[in-house]
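Below: data21.pdb (PDB, C-alpha atoms)
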```
ATOM      1  CA  MET J1128      33.715 148.881  72.471
ATOM      2  CA  VAL J1129      30.447 146.978  72.168
ATOM      3  CA  ARG J1130      30.171 143.722  74.097
ATOM      4  CA  PHE J1131      27.862 141.003  72.999
ATOM      5  CA  MET J1132      26.464 138.614  75.523
ATOM      6  CA  GLU J1133      26.834 134.943  74.874
ATOM      7  CA  PRO J1134      23.483 133.323  74.117
ATOM      8  CA  PRO J1135      22.242 131.204  76.968
ATOM      9  CA  ILE J1136      23.070 127.524  76.754
ATOM     10  CA  LEU J1137      20.667 124.777  77.675
ATOM     11  CA  GLU J1138      22.460 121.971  79.461
ATOM     12  CA  LEU J1139      20.367 118.947  78.551
ATOM     13  CA  GLU J1140      21.771 116.840  81.393
ATOM     14  CA  SER J1141      20.180 119.181  83.958
ATOM     15  CA  PHE J1142      17.013 120.065  81.973
ATOM     16  CA  LEU J1143      14.124 118.342  83.763
ATOM     17  CA  PRO J1144      12.057 117.397  80.666
ATOM     18  CA  TYR J1145      15.131 115.752  79.132
ATOM     19  CA  ARG J1146      15.998 113.962  82.381
ATOM     20  CA  LEU J1147      12.432 112.655  82.683
ATOM     21  CA  TYR J1148      12.491 111.459  79.070
ATOM     22  CA  ARG J1149      15.799 109.645  79.593
ATOM     23  CA  LEU J1150      14.577 108.072  82.829
ATOM     24  CA  ALA J1151      11.290 106.920  81.295
ATOM     25  CA  ASP J1152      13.114 105.508  78.286
ATOM     26  CA  ALA J1153      15.643 103.652  80.467
ATOM     27  CA  VAL J1154      12.906 102.141  82.641
ATOM     28  CA  SER J1155      10.878 101.197  79.563
ATOM     29  CA  ARG J1156      13.906  99.573  77.911
ATOM     30  CA  GLU J1157      14.680  97.594  81.065
ATOM     31  CA  PHE J1158      11.095  96.377  81.359
ATOM     32  CA  SER J1159      10.963  95.579  77.634
ATOM     33  CA  ARG J1160      13.509  92.815  78.212
ATOM     34  CA  ILE J1161      10.878  90.901  80.168
ATOM     35  CA  TYR J1162       8.096  90.919  77.560
ATOM     36  CA  LYS J1163      10.574  90.552  74.704
ATOM     37  CA  GLU J1164      12.092  87.436  76.306
ATOM     38  CA  ARG J1165       8.711  85.979  77.235
ATOM     39  CA  HIS J1166       6.734  86.685  74.061
ATOM     40  CA  GLY J1167       8.997  88.485  71.585
ATOM     41  CA  LEU J1168       6.883  91.646  71.866
ATOM     42  CA  THR J1169       7.956  95.136  70.874
ATOM     43  CA  ARG J1170       7.121  98.127  73.090
ATOM     44  CA  PRO J1171       4.113  99.141  70.946
ATOM     45  CA  GLU J1172       2.833  95.552  70.953
ATOM     46  CA  TRP J1173       3.171  95.364  74.744
ATOM     47  CA  ARG J1174       1.400  98.711  75.185
ATOM     48  CA  THR J1175      -1.404  97.548  72.896
ATOM     49  CA  LEU J1176      -1.733  94.217  74.697
ATOM     50  CA  SER J1177      -1.740  95.875  78.122
ATOM     51  CA  GLY J1178      -4.165  98.612  77.085
ATOM     52  CA  LEU J1179      -6.670  96.092  75.787
ATOM     53  CA  GLY J1180      -6.046  93.811  78.759
ATOM     54  CA  GLN J1181      -6.809  96.649  81.136
ATOM     55  CA  ARG J1182      -9.741  98.255  79.344
ATOM     56  CA  GLY J1183     -11.247  95.493  77.209
ATOM     57  CA  THR J1184     -12.547  96.733  73.867
ATOM     58  CA  MET J1185     -10.978  99.902  72.477
ATOM     59  CA  THR J1186     -10.544 101.617  69.124
ATOM     60  CA  ALA J1187      -7.102 102.224  67.632
ATOM     61  CA  THR J1188      -7.558 105.944  68.310
ATOM     62  CA  GLU J1189      -8.315 105.262  71.980
ATOM     63  CA  LEU J1190      -5.285 102.982  72.200
ATOM     64  CA  GLY J1191      -3.066 105.678  70.730
ATOM     65  CA  GLU J1192      -4.328 108.259  73.208
ATOM     66  CA  GLN J1193      -4.061 105.912  76.193
ATOM     67  CA  SER J1194      -0.551 104.723  75.320
ATOM     68  CA  ALA J1195       0.792 107.967  73.792
ATOM     69  CA  MET J1196       1.676 106.143  70.561
ATOM     70  CA  HIS J1197       1.488 107.458  67.016
ATOM     71  CA  LYS J1198      -1.233 105.876  64.906
ATOM     72  CA  THR J1199       1.275 104.073  62.675
ATOM     73  CA  LYS J1200       2.813 102.319  65.696
ATOM     74  CA  VAL J1201      -0.647 101.368  66.939
ATOM     75  CA  SER J1202      -1.551 100.063  63.473
ATOM     76  CA  ARG J1203       1.583  97.899  63.245
ATOM     77  CA  ALA J1204       1.115  96.566  66.778
ATOM     78  CA  VAL J1205      -2.536  95.731  66.093
ATOM     79  CA  ALA J1206      -1.585  93.937  62.873
ATOM     80  CA  GLU J1207       1.064  91.851  64.658
ATOM     81  CA  LEU J1208      -1.208  90.924  67.573
ATOM     82  CA  GLU J1209      -3.910  89.983  65.076
ATOM     83  CA  ARG J1210      -1.394  87.853  63.164
ATOM     84  CA  ARG J1211      -0.639  86.034  66.430
ATOM     85  CA  ARG J1212      -4.388  85.590  66.935
ATOM     86  CA  TRP J1213      -4.229  87.562  70.189
ATOM     87  CA  LEU J1214      -6.571  90.295  68.963
ATOM     88  CA  THR J1215      -9.768  90.621  66.955
ATOM     89  CA  ARG J1216     -11.191  93.575  65.035
ATOM     90  CA  THR J1217     -14.905  94.250  64.837
ATOM     91  CA  PRO J1218     -16.158  97.013  62.505
ATOM     92  CA  ASP J1219     -18.340  99.655  64.133
ATOM     93  CA  GLU J1220     -21.938  99.333  62.959
ATOM     94  CA  LYS J1221     -22.409 103.109  62.634
ATOM     95  CA  ASP J1222     -18.993 104.062  61.217
ATOM     96  CA  ARG J1223     -17.183 101.440  59.129
ATOM     97  CA  ARG J1224     -13.937 103.417  59.377
ATOM     98  CA  VAL J1225     -13.782 102.549  63.093
ATOM     99  CA  GLU J1226     -12.857  99.117  64.412
ATOM    100  CA  HIS J1227     -13.319  97.851  67.939
ATOM    101  CA  LEU J1228     -10.291  95.889  69.086
ATOM    102  CA  ALA J1229     -10.409  93.170  71.732
ATOM    103  CA  LEU J1230      -8.105  90.425  72.962
ATOM    104  CA  THR J1231      -8.842  86.816  72.120
ATOM    105  CA  LYS J1232      -8.564  84.096  74.765
ATOM    106  CA  ALA J1233      -4.910  83.637  73.794
ATOM    107  CA  GLY J1234      -4.321  87.398  74.086
ATOM    108  CA  VAL J1235      -5.972  87.511  77.499
ATOM    109  CA  ALA J1236      -3.829  84.559  78.615
ATOM    110  CA  ALA J1237      -0.640  86.350  77.484
ATOM    111  CA  TYR J1238      -1.766  89.536  79.243
ATOM    112  CA  ARG J1239      -2.580  87.678  82.471
ATOM    113  CA  GLU J1240       0.819  85.992  82.365
ATOM    114  CA  MET J1241       2.528  89.383  82.021
ATOM    115  CA  VAL J1242       0.649  91.262  84.772
ATOM    116  CA  PRO J1243       2.480  89.644  87.716
ATOM    117  CA  LEU J1244       5.797  90.092  85.887
ATOM    118  CA  ALA J1245       5.055  93.782  85.347
ATOM    119  CA  LYS J1246       4.071  94.257  88.991
ATOM    120  CA  ALA J1247       7.190  92.402  90.168
ATOM    121  CA  PHE J1248       9.345  94.647  87.946
ATOM    122  CA  GLU J1249       7.732  97.748  89.453
ATOM    123  CA  GLU J1250       8.180  96.420  92.990
ATOM    124  CA  GLU J1251      11.831  95.555  92.333
ATOM    125  CA  LEU J1252      12.471  99.017  90.926
ATOM    126  CA  LEU J1253      10.824 100.766  93.881
ATOM    127  CA  ALA J1254      12.525  98.426  96.387
ATOM    128  CA  ARG J1255      15.828 100.077  95.461
ATOM    129  CA  LEU J1256      14.537 103.267  97.094
ATOM    130  CA  SER J1257      13.886 104.097 100.717
ATOM    131  CA  GLU J1258      10.265 104.521 101.839
ATOM    132  CA  GLU J1259      10.711 108.303 101.794
ATOM    133  CA  GLU J1260      12.199 108.211  98.299
ATOM    134  CA  ARG J1261       9.348 105.991  97.011
ATOM    135  CA  GLU J1262       6.756 108.387  98.398
ATOM    136  CA  ALA J1263       8.629 111.361  96.927
ATOM    137  CA  VAL J1264       8.913 109.735  93.472
ATOM    138  CA  VAL J1265       5.300 108.597  93.293
ATOM    139  CA  GLY J1266       4.021 111.894  94.717
ATOM    140  CA  GLY J1267       6.264 113.932  92.429
ATOM    141  CA  VAL J1268       5.164 112.076  89.307
ATOM    142  CA  THR J1269       1.509 112.532  90.289
ATOM    143  CA  ALA J1270       2.056 116.246  90.929
ATOM    144  CA  LEU J1271       3.770 116.699  87.553
ATOM    145  CA  GLU J1272       0.961 114.851  85.745
ATOM    146  CA  GLU J1273      -1.612 117.102  87.422
ATOM    147  CA  ALA J1274       0.395 120.243  86.631
ATOM    148  CA  LEU J1275       0.620 119.239  82.960
ATOM    149  CA  GLU J1276      -3.126 118.624  82.820
ATOM    150  CA  GLU J1277      -3.696 122.149  84.154
ATOM    151  CA  MET J1278      -1.353 123.558  81.491
ATOM    152  CA  SER J1279      -3.272 121.842  78.677
TER     153      SER J1279
END
```
This structure in structure tokens:
Amino acid sequence: MVRFMEPPILELESFLPYRLYRLADAVSREFSRIYKERHGLTRPEWRTLSGLGQRGTMTATELGEQSAMHKTKVSRAVAELERRRWLTRTPDEKDRRVEHLALTKAGVAAYREMVPLAKAFEEELLARLSEEEREAVVGGVTALEEALEEMS
């Protein structure tokens, strides 16, 4: 009698990449309530606003890389922020296919209003953990980011 082994099963609930994805998505959804209530922004619009607020002028490609967003999401977010007059586009003098994106005064004001709210959200989230747990979470995330960079 020949016995066949059952194929291994992957239990998603205990698979670290899946758990990290679910955690990141839950945290992002919770934080999205703040910028959605305040300004009616979507996640891609918030990421675009915060990327430009942090770095100043960027291209859409740079924004996509920095925020890990697909180019279509970046494009839609840029169009919406431009419609709100929170963002300007300036064609590159050497390559007309490239545009340099920057926040307007109104965009900077919205970004500056959101920064303390974002920091307060982060503090509130971390305050639910003990000092040891906070250090472990922050250190663990940093270690995983470094390990992934080495793998690439």
**Q.** Distance in Å - atom CA of His1227 of chain J versus atom CA of Ala1187 of chain J
**A.** 7.6 Å
(Q) Please enumerate the residues selected by the PyMOL selection byres ((chain J and resi 1162) around 12) when evaluated against the supplied file, formatted as a PyMOL selection string. (A) chain J and resi 1155-1161+1163-1174+1176-1177+1237-1238+1240-1245+1248
Please define a box with edges along x, y and z of the file around all atoms of segment 1213-1227 of chain J given in the file, extend it by 4 Å on each side, and return its centre and edge lengths in Å to one decimal, as JSON.
```
{"center_x": -13.3, "center_y": 95.8, "center_z": 64.7, "size_x": 26.2, "size_y": 24.5, "size_z": 19.1}
```
**Q.** Selection dump of the PyMOL selection byres ((chain J and resi 1210-1225) around 12), as a ChimeraX atom specification
**A.** /J:1166-1168,1172-1173,1175-1180,1183-1189,1202-1209,1226-1238
Q: Could you please determine the separation between atom CA of His1197 of chain J and atom CA of Phe1142 of chain J in Å, to one decimal place?
A: 25.0 Å
Q: Work out how far atom CA of Glu1192 of chain J is from atom CA of Arg1261 of chain J, in Å to one decimal.
A: 27.5 Å
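With only C-alpha atoms as the atoms that count, the residue of J:Pro1144, J:Glu1258, J:Ala1263, J:Lys1246 with the shortest distance to Leu1275 of chain J is J:Pro1144.
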